[in-house]
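Okay, run_38.txt now, which holds compact mmCIF, C-alpha atoms:
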# COMPACT_ATOMS: atom_id res chain seq x y z
CA MET A 1 34.40 74.65 84.72
CA GLN A 2 31.05 73.23 83.74
CA ILE A 3 29.55 72.94 80.28
CA SER A 4 26.04 71.94 79.29
CA SER A 5 24.06 72.24 76.10
CA ARG A 6 20.47 72.86 75.06
CA GLN A 7 18.73 72.75 71.73
CA LEU A 8 16.58 75.47 70.22
CA ASP A 9 15.27 74.95 66.68
CA LYS A 10 18.41 74.40 64.59
CA THR A 11 20.63 75.89 67.25
CA THR A 12 22.74 74.36 69.98
CA ILE A 13 23.56 76.66 72.89
CA PHE A 14 26.52 75.74 75.07
CA ASP A 15 26.25 77.20 78.57
CA VAL A 16 29.73 77.44 80.09
CA SER A 17 30.52 78.50 83.64
CA GLY A 18 33.80 78.95 85.47
CA ASP A 19 37.27 79.57 84.07
CA ILE A 20 38.47 78.22 80.74
CA ASP A 21 42.14 77.31 81.00
CA LEU A 22 44.56 74.53 80.16
CA ALA A 23 42.82 72.16 82.57
CA ASN A 24 39.48 72.20 80.76
CA SER A 25 39.86 73.86 77.34
CA PRO A 26 40.25 70.41 75.73
CA ALA A 27 36.72 69.59 76.86
CA ILE A 28 35.43 72.80 75.26
CA ARG A 29 37.27 72.00 72.06
CA LYS A 30 35.91 68.46 71.95
CA ALA A 31 32.32 69.54 72.54
CA LEU A 32 32.49 72.30 69.93
CA LEU A 33 34.05 70.22 67.20
CA LYS A 34 31.62 67.35 67.80
CA GLU A 35 28.67 69.70 67.46
CA VAL A 36 29.99 71.50 64.40
CA ARG A 37 31.66 68.71 62.45
CA ASP A 38 29.82 65.56 63.50
CA ASN A 39 26.32 66.84 64.25
CA ARG A 40 26.48 69.56 61.55
CA THR A 41 24.37 71.86 63.68
CA PRO A 42 23.58 74.96 61.55
CA ARG A 43 24.11 77.40 64.41
CA VAL A 44 26.28 76.88 67.50
CA VAL A 45 26.11 79.51 70.24
CA MET A 46 28.51 79.84 73.18
CA ASN A 47 27.02 81.40 76.29
CA LEU A 48 30.07 82.84 78.04
CA SER A 49 28.19 85.05 80.49
CA LYS A 50 29.36 82.93 83.42
CA VAL A 51 32.94 82.58 82.22
CA ARG A 52 35.13 84.82 84.31
CA TYR A 53 38.48 83.97 82.76
CA ILE A 54 39.67 82.47 79.48
CA ASP A 55 43.29 81.83 78.59
CA SER A 56 45.06 81.40 75.26
CA SER A 57 44.20 77.69 75.14
CA GLY A 58 40.54 78.58 75.57
CA VAL A 59 40.81 81.15 72.78
CA ALA A 60 42.45 78.50 70.62
CA SER A 61 39.47 76.20 71.21
CA LEU A 62 37.10 78.95 70.15
CA VAL A 63 39.16 79.62 67.04
CA GLU A 64 39.03 75.93 66.15
CA GLY A 65 35.27 76.04 66.56
CA LEU A 66 35.08 79.08 64.33
CA LYS A 67 37.26 77.56 61.62
CA ALA A 68 35.31 74.30 61.71
CA SER A 69 32.03 76.21 61.37
CA ARG A 70 33.37 78.09 58.36
CA ASP A 71 34.47 74.82 56.79
CA VAL A 72 30.95 73.39 56.95
CA GLY A 73 29.07 76.63 56.35
CA SER A 74 27.49 76.93 59.78
CA ARG A 75 27.39 79.87 62.20
CA PHE A 76 29.43 80.11 65.38
CA ILE A 77 28.35 82.78 67.86
CA LEU A 78 29.58 84.04 71.22
CA PHE A 79 27.66 86.11 73.74
CA GLY A 80 28.07 87.48 77.26
CA LEU A 81 31.81 88.19 77.22
CA SER A 82 33.29 89.24 80.56
CA THR A 83 35.76 92.12 80.70
CA SER A 84 38.62 89.64 80.91
CA ALA A 85 37.35 87.51 78.01
CA ARG A 86 36.81 90.59 75.87
CA GLU A 87 40.34 91.76 76.68
CA VAL A 88 42.00 88.51 75.56
CA LEU A 89 40.05 88.51 72.31
CA GLN A 90 41.08 92.11 71.71
CA LEU A 91 44.71 91.37 72.55
CA SER A 92 44.72 88.52 70.06
CA ARG A 93 42.93 90.67 67.46
CA LEU A 94 40.10 88.18 67.26
CA LEU A 95 37.23 90.20 68.68
CA LYS A 96 36.15 91.38 65.24
CA ILE A 97 36.63 87.93 63.73
CA PHE A 98 34.00 86.31 65.91
CA GLU A 99 30.27 87.00 65.80
CA VAL A 100 29.75 88.48 69.28
CA TYR A 101 26.64 89.65 71.09
CA ASP A 102 25.85 91.06 74.50
CA ASN A 103 23.13 88.58 75.44
CA GLU A 104 21.23 85.50 74.30
CA GLU A 105 18.31 87.42 72.88
CA GLN A 106 20.57 89.40 70.57
CA ALA A 107 22.60 86.33 69.68
CA LEU A 108 19.54 84.40 68.57
CA ALA A 109 18.11 87.41 66.76
CA GLY A 110 21.40 87.96 64.95
CA GLN A 111 21.81 91.64 65.87
CA GLN A 112 25.55 91.93 66.26
CA THR A 113 27.18 94.55 68.50
CA ILE A 114 30.88 94.75 69.28
CA MET B 1 87.29 99.59 108.39
CA LYS B 2 85.49 99.45 105.08
CA PHE B 3 82.76 101.94 104.25
CA LEU B 4 80.21 100.59 101.82
CA HIS B 5 78.01 102.84 99.76
CA PRO B 6 74.35 102.06 100.57
CA VAL B 7 73.64 101.01 97.00
CA ARG B 8 76.75 98.83 96.92
CA ARG B 9 75.78 97.40 100.28
CA SER B 10 72.43 96.29 98.89
CA LYS B 11 74.20 94.77 95.91
CA ASP B 12 76.39 92.86 98.34
CA ARG B 13 73.27 91.51 99.95
CA GLU B 14 72.08 90.38 96.53
CA ARG B 15 75.40 88.69 95.80
CA ASN B 16 75.18 87.01 99.18
CA GLY B 17 71.83 85.56 98.11
CA ASN B 18 69.53 87.60 100.26
CA SER B 19 66.61 86.66 98.09
CA SER B 20 64.20 87.39 100.92
CA ARG B 21 64.58 91.15 100.34
CA GLY B 22 61.20 92.37 99.03
CA LEU B 23 59.78 88.86 99.03
CA LEU B 24 56.00 88.96 99.08
CA LEU B 25 55.00 85.42 98.19
CA LYS B 26 56.64 82.14 97.33
CA LEU B 27 54.84 79.30 95.60
CA GLU B 28 56.09 75.80 94.98
CA LEU B 29 53.71 73.64 93.02
CA PRO B 30 53.59 70.64 90.72
CA SER B 31 52.88 71.16 87.04
CA ASP B 32 49.23 70.20 87.44
CA PRO B 33 46.86 72.27 85.25
CA SER B 34 44.11 71.96 87.85
CA LEU B 35 46.17 74.24 90.09
CA LEU B 36 46.25 77.13 87.61
CA CYS B 37 43.05 78.59 89.04
CA ALA B 38 44.52 78.59 92.54
CA VAL B 39 47.59 80.47 91.36
CA ARG B 40 45.43 82.98 89.49
CA GLY B 41 43.45 83.60 92.64
CA ALA B 42 46.58 84.24 94.66
CA VAL B 43 48.14 86.48 92.03
CA GLU B 44 44.97 88.48 91.59
CA ARG B 45 44.79 89.21 95.32
CA LEU B 46 48.49 90.01 95.47
CA THR B 47 48.28 92.51 92.63
CA GLU B 48 45.44 94.27 94.42
CA VAL B 49 47.58 94.49 97.56
CA VAL B 50 50.49 95.91 95.58
CA GLY B 51 48.18 98.59 94.23
CA PHE B 52 47.77 97.84 90.54
CA THR B 53 44.74 99.16 88.68
CA ALA B 54 42.06 96.62 87.87
CA PRO B 55 43.17 96.23 84.23
CA ASP B 56 46.78 95.75 85.33
CA CYS B 57 45.72 93.21 87.96
CA ARG B 58 44.13 91.23 85.15
CA ALA B 59 47.16 91.72 82.94
CA VAL B 60 49.63 90.41 85.53
CA THR B 61 47.35 87.49 86.38
CA ARG B 62 47.05 86.65 82.71
CA ALA B 63 50.82 86.82 82.15
CA VAL B 64 51.57 84.55 85.09
CA ASP B 65 48.88 82.09 84.03
CA GLU B 66 50.14 81.97 80.47
CA ALA B 67 53.74 81.51 81.61
CA LEU B 68 52.71 78.64 83.87
CA THR B 69 50.74 77.09 81.04
CA ASN B 70 53.81 77.29 78.81
CA ILE B 71 55.91 75.55 81.45
CA ILE B 72 53.35 72.77 81.83
CA ARG B 73 52.85 72.27 78.12
CA HIS B 74 56.28 72.85 76.67
CA SER B 75 58.86 72.39 79.42
CA TYR B 76 57.18 69.44 81.05
CA LYS B 77 55.25 68.12 78.01
CA GLY B 78 52.02 67.94 79.98
CA ARG B 79 53.36 65.93 82.92
CA PRO B 80 51.43 66.99 86.04
CA ASP B 81 54.05 66.05 88.62
CA GLN B 82 57.05 68.26 87.88
CA PRO B 83 58.29 71.11 90.09
CA ILE B 84 57.63 74.77 89.48
CA GLU B 85 58.84 77.54 91.76
CA MET B 86 57.53 81.08 91.80
CA LEU B 87 58.80 84.07 93.76
CA PHE B 88 56.91 87.35 93.93
CA ARG B 89 58.99 90.33 95.04
CA SER B 90 58.42 94.03 95.35
CA VAL B 91 60.75 96.15 93.24
CA HIS B 92 61.39 99.83 92.90
CA GLN B 93 62.58 102.01 90.10
CA GLN B 94 63.28 105.64 89.41
CA SER B 95 61.76 106.90 86.20
CA ASN B 96 62.07 110.55 85.20
CA GLY B 97 63.02 111.32 88.75
CA LYS B 98 59.89 109.70 90.14
CA PRO B 99 60.01 106.51 92.19
CA SER B 100 57.60 103.74 91.34
CA GLU B 101 56.73 100.42 92.87
CA GLY B 102 56.44 97.23 90.96
CA LEU B 103 56.06 93.51 91.17
CA GLU B 104 58.76 91.10 90.07
CA ILE B 105 57.85 87.49 89.39
CA LEU B 106 60.54 84.86 89.08
CA MET B 107 59.47 81.49 87.72
CA SER B 108 61.69 78.49 87.35
CA ASP B 109 61.28 74.96 86.08
CA ARG B 110 63.57 71.96 85.63
CA GLY B 111 62.55 71.15 82.08
CA PRO B 112 64.97 70.88 79.16
CA SER B 113 66.58 73.96 77.73
CA ILE B 114 64.16 75.95 75.60
CA GLU B 115 65.21 76.74 72.04
CA ARG B 116 65.38 80.51 71.56
CA ALA B 117 63.62 80.22 68.21
CA LYS B 118 60.55 78.86 69.99
CA LEU B 119 60.35 82.02 72.09
CA CYS B 120 59.34 84.07 69.08
CA MET B 121 55.76 85.24 68.79
CA ARG B 122 53.76 84.46 65.69
CA GLU B 123 52.04 87.10 63.60
CA LEU B 124 48.52 87.84 64.79
CA GLU B 125 47.20 88.66 61.35
CA GLU B 126 46.75 84.98 60.64
CA VAL B 127 43.67 83.55 62.33
CA LYS B 128 44.68 80.24 63.76
CA PRO B 129 44.60 78.51 67.13
CA GLY B 130 47.66 78.53 69.36
CA GLY B 131 50.75 80.69 69.73
CA LEU B 132 49.09 83.42 71.74
CA GLY B 133 50.53 82.84 75.18
CA LEU B 134 53.78 84.67 74.59
CA HIS B 135 51.89 87.59 73.07
CA PHE B 136 49.76 87.92 76.18
CA ILE B 137 52.83 87.81 78.41
CA LYS B 138 54.75 90.47 76.50
CA GLN B 139 51.71 92.70 76.11
CA SER B 140 50.97 92.53 79.82
CA MET B 141 54.39 93.02 81.42
CA ASP B 142 57.03 95.77 81.35
CA VAL B 143 59.95 93.33 81.55
CA VAL B 144 60.11 89.78 80.20
CA GLU B 145 63.46 88.06 80.51
CA PHE B 146 64.32 84.44 79.97
CA ARG B 147 67.54 82.65 80.83
CA ARG B 148 68.91 79.24 81.60
CA ALA B 149 70.94 78.79 84.79
CA ASN B 150 71.97 75.89 87.00
CA GLY B 151 69.93 73.39 85.02
CA ALA B 152 66.73 75.39 85.24
CA ASN B 153 64.69 77.61 82.95
CA ARG B 154 64.20 80.98 84.63
CA LEU B 155 61.63 83.53 83.60
CA ARG B 156 61.61 87.04 85.06
CA LEU B 157 58.52 89.22 84.71
CA VAL B 158 58.21 92.75 86.05
CA LYS B 159 55.34 95.19 86.01
CA TYR B 160 55.39 98.66 87.54
CA VAL B 161 52.41 100.28 89.13
CA ARG B 162 50.93 103.06 87.04
CA ALA B 163 49.09 105.82 88.84
CA ALA B 164 45.42 106.10 87.98
CA LYS B 165 44.51 109.30 86.18
CA GLN B 166 42.84 112.09 88.14
CA ASP B 167 39.53 111.43 86.42
CA GLY B 168 39.72 107.77 87.43
CA THR B 169 40.51 106.45 83.97
CA LYS B 170 43.65 104.46 83.17

What would you get if you wrote out this structure as structure tokens?
Amino acid sequence: MQISSRQLDKTTIFDVSGDIDLANSPAIRKALLKEVRDNRTPRVVMNLSKVRYIDSSGVASLVEGLKASRDVGSRFILFGLSTSAREVLQLSRLLKIFEVYDNEEQALAGQQTI
Amino acid sequence: MKFLHPVRRSKDRERNGNSSRGLLLKLELPSDPSLLCAVRGAVERLTEVVGFTAPDCRAVTRAVDEALTNIIRHSYKGRPDQPIEMLFRSVHQQSNGKPSEGLEILMSDRGPSIERAKLCMRELEEVKPGGLGLHFIKQSMDVVEFRRANGANRLRLVKYVRAAKQDGTK
């Protein structure tokens, strides 16, 4: 799994590729919480278009990012969910809790589709 | 001379420990999280060979991955050097007079005995991190059985192949 970030106005976009599982979900969690809590970035976007698989620990990291963003009043957005990623969010009844978009353009424009 | 009923004969083979019957794959690995992706790859290919639909291939892969994660995190407390054994066997059942094939997965670890209370799933209505692994396992598999035997935790997962609908949908 690889994770990198880029800045756009008041937005940080995390580009993640590979599988998110127990081996690397702590790194996702750490990066998210640092950006949301420490840097207080107003909008944090997760590009998951190159994430083929995400397990429950990865979902937990996303939930922590979401809760942290709510605590500080920022936005936390996901886009580019694979079939597998969408399935695990549906199974955990979290798909409608997150702000989810199909692609980066929609995510940055704020036009939500589920 | 003793005549054994065919069914009883197969049960005798089971009692005699003929665990190779129906064996498709055997994995022995340390509890290293970096190996989870390798196991997922093997399981995904195996489920395709068995004939599961694409969604069920993902479901079985997810269940196995989550079960392994639970062993690593909870049985072995994150230690990466402890033994895990996995057996994948073909199984058959008769349901409503129709035979069906399935995949049985037997996982065992040498961690301490698991408290039954910790095997309960949490409510999903509450939005919080953690506690989802067991949900994914039970939602994905037809049979989920846990027991303790001979100093090992043993998890048995079974999923039966469902025929795809005529129109190609699940």

Check: Given the choices A:Lys10, A:Ile77, A:Glu35, A:Met1, which gets closest to chain B if the distance is worked out from all atoms listed in the file?
Finding: A:Met1

Check: Can you tell me how far CA of Lys30 in chain A sits from CA of Ile84 in chain B, in Å to one decimal?
Finding: 28.6 Å

Notebook entry, point to check: Which residue gives the smallest distance to chain B among A:Glu105, A:Asp21, A:Asp38, A:Asp71, with only C-alpha atoms counted?
Noted result: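 Residue with the minimum atom-to-atom distance to chain B: A:Asp21.
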
Residues of chain A that approach chain B to 7 Å or less, counting only C-alpha atoms: could you list each one with the shortest pair of atoms and its distance in Å to one decimal, rows by chain and increasing residue number, as CSV?
residue,atom,partner,partner_atom,distance
A:Leu22,CA,B:Pro33,CA,6.0
A:Ala23,CA,B:Pro33,CA,4.8
A:Ser56,CA,B:Gly133,CA,5.7
A:Ser57,CA,B:Gly130,CA,6.8
A:Ala60,CA,B:Pro129,CA,4.1
A:Ser61,CA,B:Pro129,CA,6.9
A:Val63,CA,B:Pro129,CA,5.6
A:Glu64,CA,B:Pro129,CA,6.2
A:Ser92,CA,B:Leu124,CA,6.5
A:Arg93,CA,B:Leu124,CA,6.8

Notebook entry, point to check: Skipping near chain neighbours, those fewer than 5 positions away, what residues fall within 10 Å of Gln2 in chain A using all atoms listed in the file, listed as number ranges by chain?
Noted result: A: 15-20, 24, 27-28, 50-51

Notebook entry, point to check: CA of Ala54 in chain B and CA of Ala163 in chain B are how many Å apart?
Noted result: 11.6 Å

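Across the structure, CA of Ala85 in chain A and CA of Asp102 in chain A are spaced 12.5 Å apart.
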
Next item on the list: Please work out which residues fall within 7 Å of (57.3, 74.1, 86.1), coordinates as given in the file, with all atoms listed in the file counting, and return them as a list in words.
Entry: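 Residues close enough to count: Pro30, Ser31, Leu68, Ile71, Ile72, Tyr76, Gln82, Pro83, Ile84, Glu85, Ser108, Asp109 and Arg110 of chain B.
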
Margin query: I want to know what sits within 10 Å of Arg86 in chain A, based on all atoms listed in the file, with residues of the same chain fewer than 2 positions away left out; could you give that as a ChimeraX atom specification?
Written below: /A:53-54,80-84,88-91,94-95,100,114

Next item on the list: With a distance cut-off of 12 Å and only C-alpha atoms, select the neighbouring residues of Leu8 in chain A, excluding the residue or stretch itself and same-chain residues fewer than 2 positions from it, and output the selection as number ranges by chain.
Entry: A: 5-6, 10-14, 41-45, 104, 108
